[in-house]
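What follows is query21.txt (compact mmCIF, C-alpha atoms).
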```
# COMPACT_ATOMS: atom_id res chain seq x y z
CA MET A 23 -21.72 -58.21 3.92
CA ALA A 24 -22.76 -60.02 0.71
CA GLN A 25 -25.79 -57.89 -0.01
CA PHE A 26 -23.66 -54.74 -0.01
CA ALA A 27 -20.99 -56.20 -2.23
CA SER A 28 -23.16 -56.09 -5.34
CA THR A 29 -23.79 -52.34 -5.01
CA SER A 30 -21.97 -50.50 -7.76
CA ILE A 31 -19.35 -47.92 -6.87
CA SER A 32 -21.23 -44.90 -8.20
CA HIS A 33 -24.01 -45.38 -5.63
CA PRO A 34 -23.37 -44.55 -1.98
CA VAL A 35 -22.63 -47.83 -0.25
CA ALA A 36 -24.75 -48.55 2.80
CA ILE A 37 -22.41 -49.50 5.63
CA PRO A 38 -23.64 -52.21 7.98
CA VAL A 39 -23.97 -50.74 11.46
CA ILE A 40 -22.77 -52.95 14.31
CA PRO A 41 -25.66 -53.13 16.79
CA VAL A 42 -24.89 -51.97 20.33
CA ARG A 43 -25.94 -55.37 21.68
CA GLU A 44 -23.16 -56.99 19.69
CA LEU A 45 -20.65 -54.29 20.70
CA MET A 46 -21.41 -54.35 24.43
CA PRO A 47 -19.52 -57.46 25.60
CA TYR A 48 -16.37 -56.40 23.75
CA ALA A 49 -16.66 -52.82 24.94
CA LEU A 50 -17.14 -53.96 28.53
CA PHE A 51 -14.44 -56.61 28.86
CA GLY A 52 -12.07 -55.21 26.25
CA GLY A 53 -12.48 -51.69 27.60
CA LEU A 54 -11.88 -52.81 31.17
CA LEU A 55 -8.74 -54.71 30.16
CA MET A 56 -7.39 -51.69 28.23
CA LEU A 57 -8.04 -49.34 31.14
CA LEU A 58 -6.29 -51.75 33.51
CA ALA A 59 -3.28 -51.81 31.16
CA ILE A 60 -3.20 -48.00 31.05
CA TYR A 61 -3.47 -47.94 34.85
CA PHE A 62 -0.40 -50.15 35.22
CA VAL A 63 1.69 -48.05 32.83
CA GLY A 64 0.37 -44.70 34.06
CA ALA A 65 -0.49 -44.83 37.74
CA GLU A 66 0.33 -48.09 39.60
CA GLN A 67 2.56 -47.55 42.67
CA GLY A 68 2.02 -43.84 42.42
CA ALA A 69 -1.16 -42.56 44.03
CA THR A 70 -2.48 -46.11 44.51
CA SER A 71 -0.78 -49.49 44.80
CA LEU A 72 -2.12 -52.93 43.94
CA ILE A 73 1.30 -54.58 44.06
CA HIS A 74 3.61 -53.96 47.00
CA GLY A 75 6.84 -52.05 46.42
CA ARG A 76 8.11 -49.67 43.75
CA MET A 77 9.34 -52.00 41.02
CA VAL A 78 6.48 -51.44 38.54
CA HIS A 79 6.80 -47.69 39.00
CA GLU A 80 10.56 -47.72 38.53
CA PHE A 81 10.42 -50.06 35.55
CA VAL A 82 7.98 -47.97 33.47
CA HIS A 83 9.36 -44.71 34.93
CA ASP A 84 10.57 -43.12 31.67
CA GLY A 85 7.46 -44.06 29.73
CA ARG A 86 5.29 -42.61 32.48
CA HIS A 87 7.09 -39.25 32.37
CA LEU A 88 7.24 -39.03 28.59
CA LEU A 89 3.62 -40.10 28.05
CA GLY A 90 2.50 -37.29 30.34
CA PHE A 91 1.34 -39.13 33.47
CA PRO A 92 1.93 -37.59 36.90
CA CYS A 93 4.95 -39.29 38.50
CA HIS A 94 6.75 -39.15 41.89
CA MET B 8 -16.78 -57.43 13.12
CA THR B 9 -16.27 -55.95 16.59
CA ARG B 10 -13.65 -58.59 17.36
CA THR B 11 -11.79 -57.75 14.14
CA PHE B 12 -11.76 -54.03 14.93
CA LEU B 13 -10.68 -54.59 18.54
CA LEU B 14 -7.82 -56.91 17.56
CA ARG B 15 -6.78 -54.71 14.66
CA GLY B 16 -6.71 -51.72 17.00
CA MET B 17 -4.51 -53.54 19.51
CA LEU B 18 -2.18 -54.83 16.79
CA VAL B 19 -1.83 -51.41 15.16
CA GLY B 20 -1.35 -49.98 18.66
CA ILE B 21 1.58 -52.32 19.24
CA VAL B 22 3.18 -51.23 15.95
CA ALA B 23 2.54 -47.59 16.89
CA GLY B 24 4.08 -48.32 20.30
CA LEU B 25 7.24 -49.59 18.61
CA ILE B 26 7.50 -46.44 16.49
CA VAL B 27 6.86 -44.34 19.60
CA PHE B 28 9.61 -46.18 21.47
CA ALA B 29 12.17 -45.41 18.74
CA PHE B 30 11.01 -41.79 18.61
CA ALA B 31 10.98 -41.36 22.39
CA ARG B 32 14.43 -42.91 22.67
CA VAL B 33 15.89 -40.27 20.35
CA VAL B 34 13.76 -37.21 21.17
CA GLY B 35 12.62 -37.78 24.76
CA GLU B 36 15.41 -39.60 26.57
CA PRO B 37 18.05 -36.82 26.38
CA GLN B 38 15.61 -34.54 28.23
CA VAL B 39 14.92 -37.21 30.88
CA GLU B 40 18.66 -37.71 31.43
CA ARG B 41 19.27 -33.99 31.84
CA ALA B 42 16.36 -33.68 34.28
CA ILE B 43 17.69 -36.60 36.36
CA ALA B 44 21.13 -34.93 36.41
CA PHE B 45 19.48 -31.75 37.71
CA GLU B 46 17.63 -33.77 40.37
CA ALA B 47 20.87 -35.43 41.50
CA GLY B 48 22.56 -32.01 41.70
CA MET B 49 19.65 -30.71 43.76
CA ASP B 50 19.88 -33.63 46.21
CA GLN B 51 23.63 -33.13 46.50
CA ALA B 52 23.28 -29.40 47.20
CA ARG B 53 20.87 -30.17 50.03
CA GLY B 54 23.34 -32.71 51.38
CA GLU B 55 20.91 -35.59 50.81
CA ALA B 56 21.92 -38.98 49.51
CA PRO B 57 20.87 -39.52 45.87
CA GLU B 58 17.76 -41.64 45.35
CA PRO B 59 18.67 -45.34 45.33
CA GLU B 60 18.55 -46.84 41.86
CA MET B 61 16.18 -49.79 42.11
CA VAL B 62 16.05 -50.28 38.37
CA SER B 63 19.15 -49.27 36.44
CA ARG B 64 18.89 -46.29 34.10
CA LYS B 65 19.86 -48.55 31.22
CA LEU B 66 16.89 -50.81 31.88
CA GLN B 67 14.55 -47.85 32.47
CA ARG B 68 15.30 -46.15 29.17
CA GLY B 69 15.51 -49.46 27.29
CA PHE B 70 13.23 -52.36 28.10
CA GLY B 71 11.20 -50.35 30.62
CA LEU B 72 10.38 -47.60 28.14
CA LEU B 73 9.63 -50.21 25.46
CA THR B 74 7.22 -52.04 27.80
CA GLY B 75 5.50 -48.77 28.65
CA THR B 76 5.00 -47.64 25.06
CA LEU B 77 3.91 -51.11 23.84
CA VAL B 78 1.34 -51.66 26.59
CA TYR B 79 0.07 -48.09 26.33
CA GLY B 80 -0.07 -48.32 22.52
CA ALA B 81 -1.93 -51.65 22.58
CA ALA B 82 -4.43 -50.33 25.14
CA ILE B 83 -5.11 -47.04 23.36
CA GLY B 84 -5.28 -48.98 20.07
CA GLY B 85 -7.82 -51.44 21.48
CA LEU B 86 -10.02 -48.63 22.76
CA PHE B 87 -9.65 -46.90 19.40
CA GLY B 88 -10.79 -50.08 17.63
CA LEU B 89 -13.90 -50.25 19.83
CA VAL B 90 -14.78 -46.60 19.17
CA PHE B 91 -14.26 -47.16 15.45
CA ALA B 92 -16.57 -50.21 15.56
CA TYR B 93 -19.26 -48.01 17.07
CA ALA B 94 -18.71 -45.02 14.77
CA TYR B 95 -18.40 -46.87 11.45
CA GLY B 96 -21.80 -46.71 9.74
CA ARG B 97 -23.17 -44.30 12.35
CA SER B 98 -20.89 -41.38 11.50
CA PRO B 99 -21.63 -39.20 8.45
CA VAL B 100 -18.02 -39.90 7.42
CA THR B 101 -18.27 -43.12 5.41
CA ASP B 102 -14.72 -43.51 4.08
CA PRO B 103 -12.94 -45.82 6.57
CA ARG B 104 -9.57 -44.09 6.17
CA ALA B 105 -11.05 -40.64 6.66
CA LEU B 106 -13.06 -41.86 9.66
CA ALA B 107 -10.01 -43.49 11.30
CA ALA B 108 -7.93 -40.34 10.79
CA LEU B 109 -10.73 -38.14 12.13
CA LEU B 110 -11.28 -40.33 15.20
CA ALA B 111 -7.55 -40.34 15.93
CA ALA B 112 -7.45 -36.54 15.66
CA ILE B 113 -10.46 -36.21 17.97
CA GLY B 114 -8.96 -38.73 20.38
CA PHE B 115 -5.66 -36.87 20.47
CA VAL B 116 -7.35 -33.53 21.17
CA THR B 117 -9.69 -34.98 23.81
CA ILE B 118 -7.38 -37.31 25.72
CA VAL B 119 -4.00 -35.64 25.23
CA LEU B 120 -3.95 -32.05 23.99
CA VAL B 121 -6.69 -30.50 26.13
CA PRO B 122 -5.73 -32.19 29.44
CA THR B 123 -2.08 -31.31 28.71
CA LEU B 124 -2.89 -27.61 28.49
CA LYS B 125 -3.91 -27.68 32.16
CA TYR B 126 -1.64 -30.44 33.45
CA PRO B 127 1.40 -30.67 31.16
CA ALA B 128 3.86 -33.56 31.29
CA ASN B 129 6.59 -33.10 33.90
CA PRO B 130 10.18 -34.35 33.71
CA PRO B 131 11.87 -36.07 36.67
CA ALA B 132 12.81 -33.60 39.47
CA VAL B 133 9.50 -31.75 38.99
CA GLY B 134 6.66 -32.70 41.30
CA ASN B 135 6.22 -33.10 45.02
CA ALA B 136 5.91 -36.74 46.17
CA GLU B 137 3.29 -35.76 48.78
CA THR B 138 0.86 -34.41 46.18
CA ILE B 139 0.91 -37.43 43.86
CA GLY B 140 -2.61 -38.40 45.00
CA VAL B 141 -4.16 -35.03 44.16
CA ARG B 142 -2.22 -34.73 40.89
CA THR B 143 -3.16 -38.21 39.68
CA GLY B 144 -6.82 -37.75 40.62
CA ALA B 145 -7.05 -34.32 39.00
CA TYR B 146 -5.32 -35.51 35.83
CA PHE B 147 -7.60 -38.51 35.26
CA LEU B 148 -10.68 -36.51 36.24
CA LEU B 149 -9.82 -33.88 33.64
CA ILE B 150 -9.38 -36.57 30.96
CA ALA B 151 -12.73 -38.10 31.92
CA SER B 152 -14.42 -34.67 31.83
CA SER B 153 -12.87 -33.88 28.47
CA LEU B 154 -14.13 -37.21 27.08
CA ALA B 155 -17.62 -36.65 28.46
CA ALA B 156 -17.68 -33.11 27.04
CA MET B 157 -16.57 -34.42 23.64
CA VAL B 158 -19.25 -37.14 23.51
CA LEU B 159 -21.90 -34.61 24.51
CA SER B 160 -20.66 -32.10 21.92
CA MET B 161 -20.63 -34.73 19.15
CA LYS B 162 -24.25 -35.62 19.96
CA ALA B 163 -25.14 -31.93 20.00
CA GLY B 164 -23.25 -31.46 16.72
CA ARG B 165 -25.40 -34.09 15.04
CA TYR B 166 -28.57 -32.37 16.14
CA LEU B 167 -27.31 -28.85 15.40
CA SER B 168 -26.01 -29.76 11.95
CA ARG B 169 -29.48 -30.97 10.96
CA ARG B 170 -30.86 -27.58 11.96
CA TYR B 171 -28.11 -25.17 10.89
CA GLY B 172 -26.11 -27.13 8.33
CA ALA B 173 -22.97 -29.23 8.83
CA TRP B 174 -20.44 -26.37 9.12
CA ASN B 175 -22.43 -24.19 11.52
CA GLY B 176 -23.69 -27.15 13.50
CA TYR B 177 -20.28 -28.67 14.17
CA LEU B 178 -18.68 -25.27 14.84
CA LEU B 179 -21.32 -24.66 17.50
CA ALA B 180 -20.59 -28.12 18.90
CA ALA B 181 -16.85 -27.35 19.01
CA ALA B 182 -17.62 -24.11 20.86
CA LEU B 183 -19.75 -26.08 23.33
CA TYR B 184 -16.82 -28.46 23.94
CA VAL B 185 -14.40 -25.57 24.54
CA VAL B 186 -16.80 -23.86 26.95
CA ILE B 187 -17.42 -27.02 29.01
CA VAL B 188 -13.75 -27.99 29.18
CA SER B 189 -12.65 -24.45 30.06
CA ALA B 190 -15.22 -24.27 32.87
CA VAL B 191 -14.18 -27.64 34.29
CA SER B 192 -10.44 -26.94 34.14
CA ARG B 193 -10.89 -23.54 35.77
CA TRP B 194 -12.50 -25.28 38.70
CA MET B 195 -9.75 -27.93 38.95
CA PRO B 196 -6.80 -27.35 41.34
CA GLU B 197 -3.79 -25.36 40.15
CA ILE B 198 -0.54 -27.36 40.33
CA ASP B 199 2.84 -25.62 40.21
CA GLU B 200 5.69 -27.62 41.69
CA VAL B 201 8.63 -26.68 39.48
CA PRO B 202 11.71 -26.43 41.74
CA ALA B 203 13.59 -23.12 41.74
CA GLY B 204 16.35 -23.01 39.16
CA PHE B 205 14.98 -25.76 36.94
CA PRO B 206 16.14 -24.87 33.38
CA VAL B 207 13.28 -23.31 31.41
CA THR B 208 14.63 -24.54 28.08
CA LEU B 209 14.82 -28.10 29.40
CA MET B 210 11.21 -27.87 30.57
CA TRP B 211 10.10 -26.62 27.14
CA LYS B 212 12.06 -29.31 25.32
CA PHE B 213 10.70 -32.06 27.56
CA ARG B 214 7.09 -30.94 27.17
CA VAL B 215 7.39 -30.52 23.39
CA ALA B 216 8.99 -33.99 23.18
CA SER B 217 6.16 -35.46 25.24
CA LEU B 218 3.55 -33.88 22.98
CA GLU B 219 5.38 -34.99 19.83
CA ILE B 220 5.47 -38.54 21.18
CA GLN B 221 1.67 -38.47 21.51
CA VAL B 222 1.28 -36.99 18.01
CA VAL B 223 3.38 -39.83 16.59
CA LEU B 224 1.33 -42.41 18.49
CA TRP B 225 -2.10 -41.12 17.43
CA ALA B 226 -1.05 -40.43 13.85
CA ALA B 227 0.43 -43.92 13.42
CA LEU B 228 -2.65 -45.44 15.05
CA GLY B 229 -5.24 -43.60 12.94
CA LEU B 230 -3.45 -43.84 9.61
CA LEU B 231 -2.41 -47.50 9.90
CA PHE B 232 -5.83 -48.54 11.18
CA GLY B 233 -7.58 -46.76 8.31
CA TRP B 234 -5.27 -48.24 5.71
CA LEU B 235 -5.76 -51.80 6.99
CA THR B 236 -9.54 -51.39 7.28
CA GLU B 237 -9.86 -50.07 3.73
CA ARG B 238 -7.72 -52.92 2.40
CA ASP B 239 -9.81 -55.46 4.30
CA LEU B 240 -13.13 -54.02 3.03
CA ASN B 241 -11.88 -53.86 -0.55
CA SER B 242 -10.70 -57.47 -0.53
CA SER B 243 -13.96 -58.73 1.01
CA ARG B 244 -15.90 -56.74 -1.62
CA THR B 245 -14.01 -58.23 -4.58
CA ALA B 246 -14.09 -61.69 -3.03
CA ALA B 247 -17.89 -61.70 -2.78
```
Rendering of file as C-alpha cells:
Amino acid sequence: MAQFASTSISHPVAIPVIPVRELMPYALFGGLLMLLAIYFVGAEQGATSLIHGRMVHEFVHDGRHLLGFPCH
Amino acid sequence: MTRTFLLRGMLVGIVAGLIVFAFARVVGEPQVERAIAFEAGMDQARGEAPEPEMVSRKLQRGFGLLTGTLVYGAAIGGLFGLVFAYAYGRSPVTDPRALAALLAAIGFVTIVLVPTLKYPANPPAVGNAETIGVRTGAYFLLIASSLAAMVLSMKAGRYLSRRYGAWNGYLLAAALYVVIVSAVSRWMPEIDEVPAGFPVTLMWKFRVASLEIQVVLWAALGLLFGWLTERDLNSSRTAA
C-alpha cells in the first residue's frame, strides 16, 4: 500500500489488484461456508434434509417465506 | 486484504440482517399472519385438523425470523465481500463507494429481481408440498443461470466497450443478459399453485413486502460496505 500512498490526489490512483491466487482459498472455503449457511436458511428440511425432522424448517419458516425461498 | 473484505462483508451483512429483521417484522409479518389465517380457514373448511404447531408462532416471527435474516445477511455479505475483493482494481469503477453500490445493485438484480420475476415469493398456504423438490431445484437453477449470464455479460461488456465505447458496449452486454435469462426462464417449468380464493391483495402485499425486504438488505449492504471501505482506505493513506 505504501507506494500508492505518496501519489497526489490529482493523479488517478493505481489500485492494487488482489491476485487470484491470494483470493482463491478465501473464495473456496468462505464461499462454501456462505452457501451452506444460505442452504440452511433457505432449503434445509424442504426438498432435501441433512438433519432429521422439521425443526430447522419450522424455526426459520417466516424468514424463508419472506426472503423468497420455496417453502412447504 | 481478502480477509478484511470477507470479514467486513459478513459484519456489514449482520448489521443489514438486523435492519431487515426490524423491517420484515413491521412490513412482512402482518401478511404472513393473514396468509396463515387463510390456510387455517382452508383446512377447517375441508374438515382437516389444523397443522400442528411445532414451533410457536411467537418464536417463528421473533427469534426464528431474526436467525434467518442474520444468517442470510452474513452469508450474502460474505459473498459480497469476496466479489468486491475480486472487482476492486479490476473494475473500471475505481471509487470504492461507487463500486460497492454498483455491485450491490447488480447482485440484487441478478440474484433477487430476475429470479423473482419467474418464481415470486409465496406466502404460507400457497404451494403444494409434493412439488417442493421441483420448485426448489428450479428456483436455485434459475439463480445460478442468472449469475452465469451476468458474469458472461460483464465479460462481454468489457470487450464490447473497448470496441464501441462504454455506453454502447455495456448496453449491448445488458441486452445479452436479458436475452440469455429470458431464454432460460422460458424453458424452465411453469409453477402456479395458488389455491382458489386466496386474496389477490394479500398476495400482492406479501410479494411487494418480500421484494422491499431484499431492497433494504442489498442497499444496506452496498452502502455500508462502501462507506467503511472508503474510511479504511483514507485512514491508511493518511497514516502512511
Would you place a box with edges along x, y and z of the file around all atoms of range 79-84 of chain A listed there, add 6 Å to each of its six sides, and report the centre and edge lengths in Å to one decimal, as AutoDock Vina command-line options?
```
--center_x 8.7 --center_y -46.6 --center_z 35.3 --size_x 15.8 --size_y 18.9 --size_z 19.3
```
Exercise for the section: Considering all atoms listed in the file, extract the chain A residues located within 7 Å of chain B and return them as a PyMOL selection string. Expected result: chain A and resi 24+27+37-40+45+49+53+56+59-60+63+68-69+80-85+87-94
Write the residues of the preceding selection, restricted to C-alpha atoms, as a short mmCIF file (atom, residue, chain, number, x, y, z; two decimals), in the coordinates of the input.
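Output file out00.cif is given in full below:
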```cif
data_model
loop_
_atom_site.label_atom_id
_atom_site.label_comp_id
_atom_site.auth_asym_id
_atom_site.auth_seq_id
_atom_site.Cartn_x
_atom_site.Cartn_y
_atom_site.Cartn_z
CA ALA A 24 -22.76 -60.02 0.71
CA ALA A 27 -20.99 -56.20 -2.23
CA ILE A 37 -22.41 -49.50 5.63
CA PRO A 38 -23.64 -52.21 7.98
CA VAL A 39 -23.97 -50.74 11.46
CA ILE A 40 -22.77 -52.95 14.31
CA LEU A 45 -20.65 -54.29 20.70
CA ALA A 49 -16.66 -52.82 24.94
CA GLY A 53 -12.48 -51.69 27.60
CA MET A 56 -7.39 -51.69 28.23
CA ALA A 59 -3.28 -51.81 31.16
CA ILE A 60 -3.20 -48.00 31.05
CA VAL A 63 1.69 -48.05 32.83
CA GLY A 68 2.02 -43.84 42.42
CA ALA A 69 -1.16 -42.56 44.03
CA GLU A 80 10.56 -47.72 38.53
CA PHE A 81 10.42 -50.06 35.55
CA VAL A 82 7.98 -47.97 33.47
CA HIS A 83 9.36 -44.71 34.93
CA ASP A 84 10.57 -43.12 31.67
CA GLY A 85 7.46 -44.06 29.73
CA HIS A 87 7.09 -39.25 32.37
CA LEU A 88 7.24 -39.03 28.59
CA LEU A 89 3.62 -40.10 28.05
CA GLY A 90 2.50 -37.29 30.34
CA PHE A 91 1.34 -39.13 33.47
CA PRO A 92 1.93 -37.59 36.90
CA CYS A 93 4.95 -39.29 38.50
CA HIS A 94 6.75 -39.15 41.89
#
```
Completion exercise
What separates CA of Leu183 in chain B and CA of Val116 in chain B is a distance of 14.6 Å
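Distance-wise, CA of Leu154 in chain B and CA of Ile118 in chain B end up 6.9 Å apart.
In this structure, CA of Ala47 in chain B sits 22.0 Å away from CA of Gln67 in chain A.
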Shell around Met157 in chain B at 9 Å using all atoms listed in the file, local window under 5 positions removed, as an mmCIF file with C-alpha atoms, in the coordinates of the input:
```cif
data_model
loop_
_atom_site.group_PDB
_atom_site.id
_atom_site.type_symbol
_atom_site.label_atom_id
_atom_site.label_comp_id
_atom_site.auth_asym_id
_atom_site.auth_seq_id
_atom_site.Cartn_x
_atom_site.Cartn_y
_atom_site.Cartn_z
ATOM 1 C CA ILE B 113 -10.460 -36.210 17.970
ATOM 2 C CA THR B 117 -9.690 -34.980 23.810
ATOM 3 C CA SER B 152 -14.420 -34.670 31.830
ATOM 4 C CA LYS B 162 -24.250 -35.620 19.960
ATOM 5 C CA ALA B 180 -20.590 -28.120 18.900
ATOM 6 C CA ALA B 181 -16.850 -27.350 19.010
ATOM 7 C CA LEU B 183 -19.750 -26.080 23.330
ATOM 8 C CA TYR B 184 -16.820 -28.460 23.940
ATOM 9 C CA VAL B 188 -13.750 -27.990 29.180
#
```
Handout entry: Spatial neighbours of Tyr177 in chain B, 12 Å, only C-alpha atoms, chain gap at least 5 places, as number ranges by chain
Key = B: 157, 160-172, 182-184
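Between Phe45 in chain B and the candidates B:Val19, B:Leu25, B:Met210, B:Val185, the tightest atom-to-atom separation, counting all atoms listed in the file, involves B:Met210.
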